[in-house]
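Some notes on the structure that comes next.
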Amino acid sequence: MTENDGRFPDDFLWGASTSAFQVEGAAYEDGKGASIADIRTKNEAVLVSTDHYHHLEEDVQLMHELGLKSYRFSISWSRLFPSGSDKTANPLGINFYHRLFDLLKQYNIEPIVTMYHFDMPMGLINDYEGWVSRKAVDAFVRYATFLFEEYGPQVRYWLTINEQNVMVFSPDILGIQGENSRDIFAKAQQANYHMSLAQAKVIELCHKTQPHAQIGPAISYITALPASMKSQDLMTAKQMEDLFSFSLMDVAIKGEISPYYNNMLKSNGIVLETEPYDKKILKAGIADFIGVNWYCTTVIREKGTHKENFFENIEKITDPDLLHTEWDWSYDPVGLRYALQQLQDRYPNFPIMITECGWSQRESLTNGKVRDTNRVAFFKDHIYQIGKAIADGVNVISFNLWSFIDLTSVNDGLEKRYGLVYVDWKNGSKRYKKDSFYFYQQVIATNGGILK
Ligand code: BG6
């Protein structure tokens, strides 16, 4: 692709994403057990939500009409293993995902399957504090082994853990509780370590048992911009990116924990519990590609309060020149190109799959239509910048926008909509195609050509 010709590689995977607890509904139906996501979301949003569980055929038919080449979704761990430690899997749960795989195959849509998206079975959290305990490593490997055996032949792209970094940053998503913020922070770092070990083991297992498949993590990358060109602000922005995103990319791509992350632990007085062979485990589980969830840039600076914890010492500044969502996420397409080029500099030619990217707003129907002009513009501008990054040599293999359909937000319930398909929550979850649906349909049909 040459710059500005607007075309993407012929085998580019144009996709869309969702996650289980955010779309399925049926939170306690057909034998499914509670996950931390169900408990944390607390409202009826997870009980019905998009009700994808009962609209499966209709939804995959819409994906087909949209022209999707790939669909990124997650499997609900507690739909298969209600308590997390059950000896056998729940047959109704197994069957639900087989139906989904079969439908995707029928329409030639590539499944991109996330194993774990914020929804650890509550049983494991109640039994031993979930990821805080090393027992969770084995539980995740058992679960992944089952996924490989049951669904392996249908899957070419696996994603291990969605946004490990966001969970560590918001430890309530891991179900972590503690006596004080210091205690919670230390537990979250131990959980982080266990997730990295579990992921490495699962990657190694995938390489051994699923030679036709590729596997990687999905990591949140919030591109941090310095508040000024002063070296201290540049350093703060760099540290933010290093500690929040690159530390985990380094684990997945290099198989090691970077010195800057270890230094952060040291300066917070945290000593992780490790075992002698852990370094070998990490080295044996190197990802094939990196999933990147990218939404926006954020301008940050140091507060100057000199707290030991770096993350407590920074503040976000809103750039008045950029448009923001109601929830303060910026609209910064050039930021995406910059982010992709940063990844290329850091991990030359390593395959990048954009696993999330999208625009949220409140919306309502007018005569059965949703004129989501901002979202259309958002995708137009951001996809254009991805094209430029590809022309500059960044190895982007797929773009999966967030989200295929309106769903329950992680923190903001049902009002915050991201979908290409509108869901009328009050009227039987009826679906309507938004303007962005038709726009993305054209993008896919022309392989990006309409962006020229
Ligand atoms: C990512 C998550 O953090 O961002 C998604 O992987 C989430 O699950 C998305 O929905 C948007 O965040 P929010 O809080 O607006 O739902």
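Each chain in the structure tokens gets a letter, A, B and so on, in the order shown; residues start at 1 in every chain, and ligands are counted from 1 in the order they appear.
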
Let me have all residues with an atom within 6 Å of ligand 1, counting only C-alpha atoms and all ligand atoms, laid out as a list in words.
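Checking only C-alpha atoms and all ligand atoms against ligand 1 at 6 Å gives Ser409, Val410 and Asn411 of chain A.
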
File of the preceding selection, N, CA, C and O atoms, as a CSV table (one decimal), in the first residue's frame:
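This is the output file again.csv:
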chain,number,residue,atom,x,y,z
A,409,SER,N,-21.8,-1.0,29.2
A,409,SER,CA,-20.5,-0.5,29.4
A,409,SER,C,-19.9,-1.0,30.6
A,409,SER,O,-20.6,-1.5,31.6
A,410,VAL,N,-18.6,-1.1,30.7
A,410,VAL,CA,-17.9,-1.6,31.9
A,410,VAL,C,-18.2,-0.8,33.1
A,410,VAL,O,-18.5,-1.4,34.2
A,411,ASN,N,-18.3,0.5,33.0
A,411,ASN,CA,-18.5,1.3,34.2
A,411,ASN,C,-19.8,2.2,34.1
A,411,ASN,O,-20.2,2.8,35.1

From range 78-250 of chain A, collect each residue whose DSSP state is strand (DSSP E) and return the set as a list in words.
Glu110, Pro111, Ile112, Val113, Thr114, Met115, Tyr116, Tyr157, Trp158, Leu159, Thr160, Ile161, Asn162, Gln214, Ile215, Gly216, Pro217, Ala218, Ile219, Ser220, Thr223, Ala224, Leu225 and Pro226 of chain A

Using only C-alpha atoms, find the one residue out of A:Trp294, A:Tyr338, A:Tyr432, A:Phe311 that sits nearest to Asp392 in chain A.
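With only C-alpha atoms as the atom set, the closest residue is A:Tyr338.
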
Based on the backbone DSSP call, show me all residues of range 314-414 of chain A assigned alpha helix (DSSP H), as a CSV table (one decimal) with all heavy atoms, in the first residue's frame.
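Now in selection13.csv:
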chain,number,residue,atom,x,y,z
A,333,PRO,N,-7.4,11.1,16.0
A,333,PRO,CA,-7.0,10.1,15.0
A,333,PRO,C,-5.5,10.1,14.7
A,333,PRO,O,-4.9,9.0,14.6
A,333,PRO,CB,-7.7,10.5,13.7
A,333,PRO,CG,-8.4,11.7,14.0
A,333,PRO,CD,-8.4,12.0,15.5
A,334,VAL,N,-4.8,11.2,14.7
A,334,VAL,CA,-3.4,11.2,14.5
A,334,VAL,C,-2.7,10.5,15.7
A,334,VAL,O,-1.6,9.9,15.5
A,334,VAL,CB,-2.9,12.7,14.3
A,334,VAL,CG1,-1.4,12.7,14.2
A,334,VAL,CG2,-3.5,13.3,13.0
A,335,GLY,N,-3.3,10.6,16.8
A,335,GLY,CA,-2.8,9.9,18.0
A,335,GLY,C,-2.7,8.4,17.8
A,335,GLY,O,-1.8,7.8,18.2
A,336,LEU,N,-3.6,7.9,17.0
A,336,LEU,CA,-3.6,6.5,16.7
A,336,LEU,C,-2.5,6.1,15.8
A,336,LEU,O,-1.7,5.2,16.0
A,336,LEU,CB,-5.0,6.0,16.1
A,336,LEU,CG,-5.0,4.6,15.6
A,336,LEU,CD1,-4.7,3.6,16.7
A,336,LEU,CD2,-6.5,4.2,15.1
A,337,ARG,N,-2.2,7.0,14.8
A,337,ARG,CA,-1.1,6.7,13.9
A,337,ARG,C,0.2,6.8,14.7
A,337,ARG,O,1.1,5.9,14.5
A,337,ARG,CB,-1.1,7.8,12.7
A,337,ARG,CG,0.1,7.6,11.8
A,337,ARG,CD,0.1,8.6,10.7
A,337,ARG,NE,1.2,8.4,9.8
A,337,ARG,CZ,1.6,9.3,8.9
A,337,ARG,NH1,0.9,10.4,8.7
A,337,ARG,NH2,2.6,9.0,8.1
A,338,TYR,N,0.3,7.8,15.5
A,338,TYR,CA,1.5,8.0,16.4
A,338,TYR,C,1.7,6.7,17.2
A,338,TYR,O,2.8,6.2,17.3
A,338,TYR,CB,1.3,9.2,17.2
A,338,TYR,CG,2.4,9.5,18.2
A,338,TYR,CD1,3.7,9.8,17.8
A,338,TYR,CD2,2.1,9.3,19.6
A,338,TYR,CE1,4.7,10.0,18.8
A,338,TYR,CE2,3.1,9.5,20.5
A,338,TYR,CZ,4.4,9.8,20.1
A,338,TYR,OH,5.3,10.0,21.1
A,339,ALA,N,0.6,6.3,17.8
A,339,ALA,CA,0.6,5.1,18.7
A,339,ALA,C,1.2,3.9,17.9
A,339,ALA,O,2.0,3.1,18.4
A,339,ALA,CB,-0.7,4.8,19.3
A,340,LEU,N,0.7,3.7,16.7
A,340,LEU,CA,1.1,2.5,15.9
A,340,LEU,C,2.5,2.6,15.5
A,340,LEU,O,3.3,1.6,15.5
A,340,LEU,CB,0.2,2.4,14.7
A,340,LEU,CG,-1.3,2.0,15.0
A,340,LEU,CD1,-2.1,2.1,13.7
A,340,LEU,CD2,-1.4,0.6,15.5
A,341,GLN,N,3.0,3.8,15.2
A,341,GLN,CA,4.4,4.0,14.9
A,341,GLN,C,5.3,3.8,16.1
A,341,GLN,O,6.4,3.3,16.0
A,341,GLN,CB,4.6,5.3,14.2
A,341,GLN,CG,3.6,5.6,13.2
A,341,GLN,CD,4.1,6.0,11.8
A,341,GLN,OE1,3.7,5.5,10.8
A,341,GLN,NE2,5.1,6.9,11.8
A,342,GLN,N,4.8,4.2,17.2
A,342,GLN,CA,5.6,3.9,18.5
A,342,GLN,C,5.7,2.4,18.6
A,342,GLN,O,6.8,1.9,19.0
A,342,GLN,CB,4.8,4.4,19.7
A,342,GLN,CG,4.6,5.8,19.8
A,342,GLN,CD,5.4,6.3,21.0
A,342,GLN,OE1,6.6,6.6,20.9
A,342,GLN,NE2,4.8,6.4,22.2
A,343,LEU,N,4.7,1.6,18.4
A,343,LEU,CA,4.7,0.2,18.5
A,343,LEU,C,5.7,-0.4,17.5
A,343,LEU,O,6.5,-1.3,17.8
A,343,LEU,CB,3.3,-0.5,18.3
A,343,LEU,CG,2.3,-0.1,19.4
A,343,LEU,CD1,0.9,-0.7,19.1
A,343,LEU,CD2,2.8,-0.6,20.8
A,344,GLN,N,5.7,0.1,16.3
A,344,GLN,CA,6.6,-0.3,15.3
A,344,GLN,C,8.1,-0.1,15.7
A,344,GLN,O,8.9,-0.9,15.5
A,344,GLN,CB,6.3,0.4,14.0
A,344,GLN,CG,7.3,0.2,12.9
A,344,GLN,CD,7.3,-1.2,12.3
A,344,GLN,OE1,6.6,-2.1,12.7
A,344,GLN,NE2,8.2,-1.4,11.3
A,345,ASP,N,8.3,1.1,16.3
A,345,ASP,CA,9.7,1.4,16.8
A,345,ASP,C,10.1,0.5,17.8
A,345,ASP,O,11.3,0.0,17.9
A,345,ASP,CB,9.7,2.8,17.4
A,345,ASP,CG,9.6,3.9,16.3
A,345,ASP,OD1,9.7,3.6,15.1
A,345,ASP,OD2,9.4,5.1,16.6
A,346,ARG,N,9.2,0.2,18.7
A,346,ARG,CA,9.5,-0.6,19.9
A,346,ARG,C,9.6,-2.1,19.6
A,346,ARG,O,10.5,-2.8,20.1
A,346,ARG,CB,8.5,-0.4,20.9
A,346,ARG,CG,8.9,-0.8,22.3
A,346,ARG,CD,8.3,0.0,23.3
A,346,ARG,NE,8.7,-0.6,24.6
A,346,ARG,CZ,8.9,0.1,25.7
A,346,ARG,NH1,8.7,1.4,25.7
A,346,ARG,NH2,9.3,-0.5,26.8
A,373,THR,N,-23.5,10.6,13.5
A,373,THR,CA,-22.5,11.3,12.6
A,373,THR,C,-21.1,11.3,13.3
A,373,THR,O,-20.1,11.2,12.6
A,373,THR,CB,-23.0,12.8,12.5
A,373,THR,OG1,-24.4,12.8,12.4
A,373,THR,CG2,-22.4,13.4,11.3
A,374,ASN,N,-21.0,11.6,14.6
A,374,ASN,CA,-19.7,11.6,15.2
A,374,ASN,C,-19.0,10.3,15.1
A,374,ASN,O,-17.8,10.2,14.9
A,374,ASN,CB,-19.8,11.9,16.7
A,374,ASN,CG,-20.0,13.4,17.0
A,374,ASN,OD1,-19.8,14.2,16.1
A,374,ASN,ND2,-20.4,13.7,18.2
A,375,ARG,N,-19.7,9.2,15.2
A,375,ARG,CA,-19.1,7.9,15.2
A,375,ARG,C,-18.6,7.6,13.7
A,375,ARG,O,-17.5,7.0,13.5
A,375,ARG,CB,-20.1,6.8,15.6
A,375,ARG,CG,-19.4,5.4,15.7
A,375,ARG,CD,-20.3,4.4,16.4
A,375,ARG,NE,-20.6,4.7,17.8
A,375,ARG,CZ,-21.8,5.0,18.2
A,375,ARG,NH1,-22.8,5.2,17.4
A,375,ARG,NH2,-21.9,5.3,19.5
A,376,VAL,N,-19.4,8.0,12.8
A,376,VAL,CA,-19.0,7.8,11.4
A,376,VAL,C,-17.7,8.6,11.1
A,376,VAL,O,-16.7,8.0,10.6
A,376,VAL,CB,-20.1,8.3,10.4
A,376,VAL,CG1,-19.6,8.3,8.9
A,376,VAL,CG2,-21.3,7.4,10.5
A,377,ALA,N,-17.7,9.8,11.6
A,377,ALA,CA,-16.5,10.6,11.4
A,377,ALA,C,-15.3,10.0,12.1
A,377,ALA,O,-14.1,9.9,11.6
A,377,ALA,CB,-16.7,12.0,11.9
A,378,PHE,N,-15.6,9.5,13.3
A,378,PHE,CA,-14.5,8.9,14.2
A,378,PHE,C,-13.9,7.7,13.4
A,378,PHE,O,-12.6,7.6,13.3
A,378,PHE,CB,-15.1,8.4,15.5
A,378,PHE,CG,-14.1,7.7,16.4
A,378,PHE,CD1,-13.4,8.5,17.4
A,378,PHE,CD2,-13.8,6.4,16.3
A,378,PHE,CE1,-12.5,7.8,18.2
A,378,PHE,CE2,-12.9,5.7,17.1
A,378,PHE,CZ,-12.2,6.5,18.1
A,379,PHE,N,-14.7,6.8,12.9
A,379,PHE,CA,-14.1,5.7,12.2
A,379,PHE,C,-13.4,6.1,10.9
A,379,PHE,O,-12.4,5.6,10.5
A,379,PHE,CB,-15.2,4.6,11.9
A,379,PHE,CG,-15.5,3.9,13.2
A,379,PHE,CD1,-16.8,3.7,13.6
A,379,PHE,CD2,-14.5,3.3,14.0
A,379,PHE,CE1,-17.1,3.0,14.8
A,379,PHE,CE2,-14.8,2.7,15.2
A,379,PHE,CZ,-16.1,2.5,15.6
A,380,LYS,N,-14.0,7.0,10.2
A,380,LYS,CA,-13.4,7.5,8.9
A,380,LYS,C,-12.0,8.0,9.2
A,380,LYS,O,-11.0,7.6,8.6
A,380,LYS,CB,-14.3,8.6,8.4
A,380,LYS,CG,-13.9,9.2,7.0
A,380,LYS,CD,-15.1,10.0,6.5
A,380,LYS,CE,-14.8,10.5,5.1
A,380,LYS,NZ,-14.1,11.8,5.0
A,381,ASP,N,-11.9,8.9,10.2
A,381,ASP,CA,-10.6,9.5,10.5
A,381,ASP,C,-9.6,8.5,11.0
A,381,ASP,O,-8.4,8.6,10.7
A,381,ASP,CB,-10.8,10.7,11.5
A,381,ASP,CG,-11.5,11.8,10.8
A,381,ASP,OD1,-11.7,11.9,9.6
A,381,ASP,OD2,-12.0,12.7,11.6
A,382,HIS,N,-10.1,7.7,11.9
A,382,HIS,CA,-9.1,6.7,12.5
A,382,HIS,C,-8.7,5.6,11.6
A,382,HIS,O,-7.5,5.3,11.5
A,382,HIS,CB,-9.7,6.1,13.8
A,382,HIS,CG,-9.8,7.1,15.0
A,382,HIS,ND1,-10.6,8.2,15.0
A,382,HIS,CD2,-9.0,7.2,16.1
A,382,HIS,CE1,-10.4,8.9,16.1
A,382,HIS,NE2,-9.4,8.3,16.8
A,383,ILE,N,-9.6,5.1,10.8
A,383,ILE,CA,-9.2,4.1,9.8
A,383,ILE,C,-8.2,4.7,8.8
A,383,ILE,O,-7.3,4.1,8.3
A,383,ILE,CB,-10.4,3.4,9.2
A,383,ILE,CG1,-11.2,2.7,10.2
A,383,ILE,CG2,-10.0,2.5,8.1
A,383,ILE,CD1,-12.6,2.2,9.8
A,384,TYR,N,-8.5,5.9,8.4
A,384,TYR,CA,-7.6,6.6,7.5
A,384,TYR,C,-6.2,6.7,8.0
A,384,TYR,O,-5.2,6.4,7.3
A,384,TYR,CB,-8.1,8.0,7.2
A,384,TYR,CG,-7.2,8.8,6.2
A,384,TYR,CD1,-7.3,8.5,4.9
A,384,TYR,CD2,-6.4,9.8,6.7
A,384,TYR,CE1,-6.4,9.2,4.0
A,384,TYR,CE2,-5.6,10.5,5.8
A,384,TYR,CZ,-5.6,10.2,4.4
A,384,TYR,OH,-4.8,10.9,3.6
A,385,GLN,N,-6.0,7.0,9.3
A,385,GLN,CA,-4.7,7.0,9.9
A,385,GLN,C,-4.1,5.7,10.1
A,385,GLN,O,-2.9,5.5,10.0
A,385,GLN,CB,-4.8,7.7,11.3
A,385,GLN,CG,-5.2,9.2,11.3
A,385,GLN,CD,-4.2,10.1,10.5
A,385,GLN,OE1,-3.0,9.8,10.5
A,385,GLN,NE2,-4.7,11.1,9.9
A,386,ILE,N,-4.9,4.6,10.2
A,386,ILE,CA,-4.3,3.3,10.3
A,386,ILE,C,-3.7,3.0,8.9
A,386,ILE,O,-2.6,2.4,8.8
A,386,ILE,CB,-5.4,2.2,10.6
A,386,ILE,CG1,-6.0,2.5,12.0
A,386,ILE,CG2,-4.8,0.8,10.5
A,386,ILE,CD1,-7.2,1.6,12.3
A,387,GLY,N,-4.4,3.4,7.8
A,387,GLY,CA,-3.9,3.2,6.5
A,387,GLY,C,-2.6,3.9,6.3
A,387,GLY,O,-1.6,3.3,5.7
A,388,LYS,N,-2.4,5.0,6.8
A,388,LYS,CA,-1.2,5.8,6.7
A,388,LYS,C,-0.1,5.0,7.5
A,388,LYS,O,1.1,4.9,7.0
A,388,LYS,CB,-1.3,7.2,7.3
A,388,LYS,CG,-1.9,8.2,6.4
A,388,LYS,CD,-2.0,9.5,7.0
A,388,LYS,CE,-2.2,10.6,6.0
A,388,LYS,NZ,-1.0,11.2,5.4
A,389,ALA,N,-0.4,4.5,8.7
A,389,ALA,CA,0.6,3.8,9.5
A,389,ALA,C,1.0,2.5,8.7
A,389,ALA,O,2.2,2.2,8.6
A,389,ALA,CB,0.0,3.4,10.8
A,390,ILE,N,0.1,1.8,8.1
A,390,ILE,CA,0.4,0.6,7.3
A,390,ILE,C,1.3,1.0,6.1
A,390,ILE,O,2.3,0.4,5.9
A,390,ILE,CB,-0.9,-0.1,6.8
A,390,ILE,CG1,-1.7,-0.7,7.9
A,390,ILE,CG2,-0.5,-1.2,5.8
A,390,ILE,CD1,-3.0,-1.3,7.6
A,391,ALA,N,1.0,2.1,5.5
A,391,ALA,CA,1.9,2.6,4.4
A,391,ALA,C,3.3,2.9,4.9
A,391,ALA,O,4.2,2.7,4.1
A,391,ALA,CB,1.2,3.9,3.7

Between A:Asp59, A:Glu256, A:Asp51, A:Asp38, smallest distance to Leu174 in chain A by only C-alpha atoms belongs to A:Asp38

What lies within 10 Å of range 217-234 of chain A using only C-alpha atoms, ignoring chain neighbours under 6 positions off, as a PyMOL selection string?
chain A and resi 114-115+117+158-166+196+199-200+203+240-242+244-246+248-249+252-253+287-302+315-319+335-336+338-340+342+353-356

Using only C-alpha atoms, can you tell me which of A:Val370, A:Ala16, A:Val113, A:Val421 comes closest to Ala213 in chain A?
A:Val113

So that I can see what lies close to Trp402 in chain A, please list as a PyMOL selection string the residues with an atom at most 7 Å from it, counting only C-alpha atoms and leaving out residues fewer than 2 positions away in the same chain.
chain A and resi 16-18+356-358+400+404+418-419

Output N, CA, C and O atoms of each residue in that selection to a file, as a PDB file, in the first residue's frame.
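The resulting out02.pdb:
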ATOM      1  N   ALA A  16     -15.274  -6.561  14.089  1.00  0.00           N
ATOM      2  CA  ALA A  16     -15.933  -5.830  15.163  1.00  0.00           C
ATOM      3  C   ALA A  16     -15.882  -6.700  16.413  1.00  0.00           C
ATOM      4  O   ALA A  16     -15.777  -7.923  16.317  1.00  0.00           O
ATOM      5  N   SER A  17     -15.961  -6.036  17.563  1.00  0.00           N
ATOM      6  CA  SER A  17     -15.746  -6.736  18.841  1.00  0.00           C
ATOM      7  C   SER A  17     -16.939  -6.613  19.782  1.00  0.00           C
ATOM      8  O   SER A  17     -17.717  -5.659  19.713  1.00  0.00           O
ATOM      9  N   THR A  18     -16.980  -7.568  20.693  1.00  0.00           N
ATOM     10  CA  THR A  18     -17.868  -7.514  21.864  1.00  0.00           C
ATOM     11  C   THR A  18     -17.176  -8.308  22.979  1.00  0.00           C
ATOM     12  O   THR A  18     -16.112  -8.876  22.754  1.00  0.00           O
ATOM     13  N   GLU A 356      -9.803  -3.276  19.765  1.00  0.00           N
ATOM     14  CA  GLU A 356     -10.892  -2.370  20.137  1.00  0.00           C
ATOM     15  C   GLU A 356     -10.526  -0.958  19.714  1.00  0.00           C
ATOM     16  O   GLU A 356      -9.343  -0.582  19.750  1.00  0.00           O
ATOM     17  N   CYS A 357     -11.530  -0.182  19.357  1.00  0.00           N
ATOM     18  CA  CYS A 357     -11.366   1.242  19.033  1.00  0.00           C
ATOM     19  C   CYS A 357     -12.779   1.734  18.741  1.00  0.00           C
ATOM     20  O   CYS A 357     -13.485   1.108  17.940  1.00  0.00           O
ATOM     21  N   GLY A 358     -13.203   2.784  19.406  1.00  0.00           N
ATOM     22  CA  GLY A 358     -14.582   3.199  19.144  1.00  0.00           C
ATOM     23  C   GLY A 358     -14.954   4.495  19.838  1.00  0.00           C
ATOM     24  O   GLY A 358     -14.173   5.079  20.582  1.00  0.00           O
ATOM     25  N   ASN A 400     -10.628  -4.362  14.601  1.00  0.00           N
ATOM     26  CA  ASN A 400     -11.913  -4.796  15.164  1.00  0.00           C
ATOM     27  C   ASN A 400     -12.464  -3.668  16.014  1.00  0.00           C
ATOM     28  O   ASN A 400     -11.980  -3.434  17.126  1.00  0.00           O
ATOM     29  N   PHE A 404     -19.544  -4.040  17.879  1.00  0.00           N
ATOM     30  CA  PHE A 404     -20.461  -4.463  16.830  1.00  0.00           C
ATOM     31  C   PHE A 404     -21.876  -3.960  17.114  1.00  0.00           C
ATOM     32  O   PHE A 404     -22.574  -3.456  16.226  1.00  0.00           O
ATOM     33  N   TYR A 418     -21.846   2.271  22.068  1.00  0.00           N
ATOM     34  CA  TYR A 418     -20.708   2.198  21.151  1.00  0.00           C
ATOM     35  C   TYR A 418     -21.064   1.523  19.826  1.00  0.00           C
ATOM     36  O   TYR A 418     -20.264   1.512  18.903  1.00  0.00           O
ATOM     37  N   GLY A 419     -22.224   0.885  19.745  1.00  0.00           N
ATOM     38  CA  GLY A 419     -22.461  -0.066  18.664  1.00  0.00           C
ATOM     39  C   GLY A 419     -22.692   0.529  17.291  1.00  0.00           C
ATOM     40  O   GLY A 419     -23.053   1.696  17.136  1.00  0.00           O
TER      41      GLY A 419
END

Pick from A:Val137, A:Ile173, A:Val423, A:Ile112 nearest to His55 in chain A, counting only C-alpha atoms:
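Counting only C-alpha atoms, the residue closest to His55 in chain A is A:Val423.
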
Pick out the residues sitting within 9 Å of Gly175 in chain A, and hand them over as a list of chain:residue names; count only C-alpha atoms, and ignore anything fewer than 3 positions along from it in its own chain.
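Non-adjacent residues within range: A:Ile36, A:Ala37, A:Arg40, A:Met120, A:Met122, A:Ile125, A:Asn126, A:Glu129, A:Gly130, A:Trp131, A:Pro171, A:Asp172.
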
Store the residues picked out above, limited to all heavy atoms, as a short mmCIF file (atom, residue, chain, number, x, y, z; two decimals), in the first residue's frame.
data_model
loop_
_atom_site.label_atom_id
_atom_site.label_comp_id
_atom_site.auth_asym_id
_atom_site.auth_seq_id
_atom_site.Cartn_x
_atom_site.Cartn_y
_atom_site.Cartn_z
N ILE A 36 -17.28 -12.18 38.39
CA ILE A 36 -17.06 -10.89 39.06
C ILE A 36 -17.68 -9.76 38.25
O ILE A 36 -18.19 -8.79 38.81
CB ILE A 36 -15.55 -10.64 39.34
CG1 ILE A 36 -15.31 -9.30 40.04
CG2 ILE A 36 -14.71 -10.72 38.07
CD1 ILE A 36 -15.83 -9.20 41.43
N ALA A 37 -17.71 -9.92 36.93
CA ALA A 37 -18.30 -8.86 36.09
C ALA A 37 -19.80 -8.75 36.37
O ALA A 37 -20.35 -7.64 36.41
CB ALA A 37 -18.06 -9.16 34.62
N ARG A 40 -20.08 -7.08 39.83
CA ARG A 40 -19.59 -5.70 39.83
C ARG A 40 -20.54 -4.77 39.07
O ARG A 40 -20.79 -3.65 39.49
CB ARG A 40 -18.21 -5.69 39.19
CG ARG A 40 -17.53 -4.37 39.20
CD ARG A 40 -16.16 -4.48 38.57
NE ARG A 40 -15.61 -3.16 38.41
CZ ARG A 40 -15.81 -2.39 37.35
NH1 ARG A 40 -16.53 -2.82 36.34
NH2 ARG A 40 -15.30 -1.18 37.31
N MET A 120 -13.88 -13.23 35.61
CA MET A 120 -13.45 -14.45 36.32
C MET A 120 -14.63 -15.03 37.11
O MET A 120 -15.41 -14.28 37.72
CB MET A 120 -12.30 -14.12 37.28
CG MET A 120 -11.81 -15.32 38.04
SD MET A 120 -10.40 -14.94 39.08
CE MET A 120 -9.18 -16.04 38.40
N MET A 122 -16.84 -16.15 39.95
CA MET A 122 -16.86 -15.66 41.34
C MET A 122 -16.37 -16.73 42.31
O MET A 122 -15.77 -16.42 43.35
CB MET A 122 -18.30 -15.24 41.66
CG MET A 122 -18.47 -14.12 42.60
SD MET A 122 -17.40 -12.73 42.29
CE MET A 122 -17.01 -12.29 43.97
N ILE A 125 -12.81 -16.44 43.08
CA ILE A 125 -12.50 -15.25 43.91
C ILE A 125 -12.88 -15.54 45.36
O ILE A 125 -12.14 -15.25 46.29
CB ILE A 125 -13.21 -14.02 43.33
CG1 ILE A 125 -12.58 -13.69 41.97
CG2 ILE A 125 -13.10 -12.82 44.28
CD1 ILE A 125 -13.30 -12.69 41.13
N ASN A 126 -14.05 -16.18 45.54
CA ASN A 126 -14.46 -16.53 46.90
C ASN A 126 -13.52 -17.56 47.52
O ASN A 126 -13.19 -17.50 48.70
CB ASN A 126 -15.88 -17.10 46.91
CG ASN A 126 -16.90 -16.03 46.53
OD1 ASN A 126 -16.64 -14.84 46.75
ND2 ASN A 126 -18.02 -16.43 45.97
N GLU A 129 -9.28 -15.73 46.48
CA GLU A 129 -8.99 -14.37 46.01
C GLU A 129 -8.55 -14.33 44.55
O GLU A 129 -7.79 -13.45 44.14
CB GLU A 129 -7.90 -13.69 46.86
CG GLU A 129 -8.37 -13.23 48.23
CD GLU A 129 -7.38 -12.24 48.84
OE1 GLU A 129 -6.37 -12.70 49.39
OE2 GLU A 129 -7.61 -11.02 48.74
N GLY A 130 -9.02 -15.29 43.77
CA GLY A 130 -8.76 -15.25 42.33
C GLY A 130 -7.28 -15.15 42.01
O GLY A 130 -6.45 -15.91 42.51
N TRP A 131 -6.96 -14.16 41.17
CA TRP A 131 -5.59 -14.05 40.64
C TRP A 131 -4.55 -13.71 41.70
O TRP A 131 -3.35 -13.80 41.44
CB TRP A 131 -5.54 -13.01 39.52
CG TRP A 131 -6.20 -13.47 38.26
CD1 TRP A 131 -7.40 -13.04 37.77
CD2 TRP A 131 -5.71 -14.45 37.33
NE1 TRP A 131 -7.67 -13.70 36.59
CE2 TRP A 131 -6.65 -14.57 36.30
CE3 TRP A 131 -4.55 -15.24 37.28
CZ2 TRP A 131 -6.48 -15.43 35.22
CZ3 TRP A 131 -4.38 -16.12 36.22
CH2 TRP A 131 -5.35 -16.21 35.21
N PRO A 171 -8.45 -2.68 40.43
CA PRO A 171 -8.43 -4.06 40.96
C PRO A 171 -9.79 -4.60 41.38
O PRO A 171 -9.91 -5.81 41.61
CB PRO A 171 -7.50 -3.97 42.17
CG PRO A 171 -6.84 -2.65 42.11
CD PRO A 171 -7.66 -1.76 41.24
N ASP A 172 -10.80 -3.74 41.47
CA ASP A 172 -12.14 -4.28 41.77
C ASP A 172 -12.62 -5.19 40.63
O ASP A 172 -13.43 -6.08 40.85
CB ASP A 172 -13.14 -3.16 42.04
CG ASP A 172 -13.29 -2.23 40.87
OD1 ASP A 172 -12.27 -1.76 40.34
OD2 ASP A 172 -14.45 -1.97 40.46
#

Write out as a list of chain:residue names which residues come within 10 Å of His98 in chain A when counting only C-alpha atoms, dropping same-chain ones fewer than 5 positions away.
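After dropping sequence-adjacent residues, the list is A:Leu92, A:Gly93, A:Leu103, A:Leu104, A:Glu150, A:Tyr151, A:Gln154.
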
Residues within 12 Å of Lys87 in chain A, please, as a ChimeraX atom specification. Count only C-alpha atoms; anything in the same chain fewer than 3 positions from it doesn't count.
/A:80-84,90,139,142-143,146
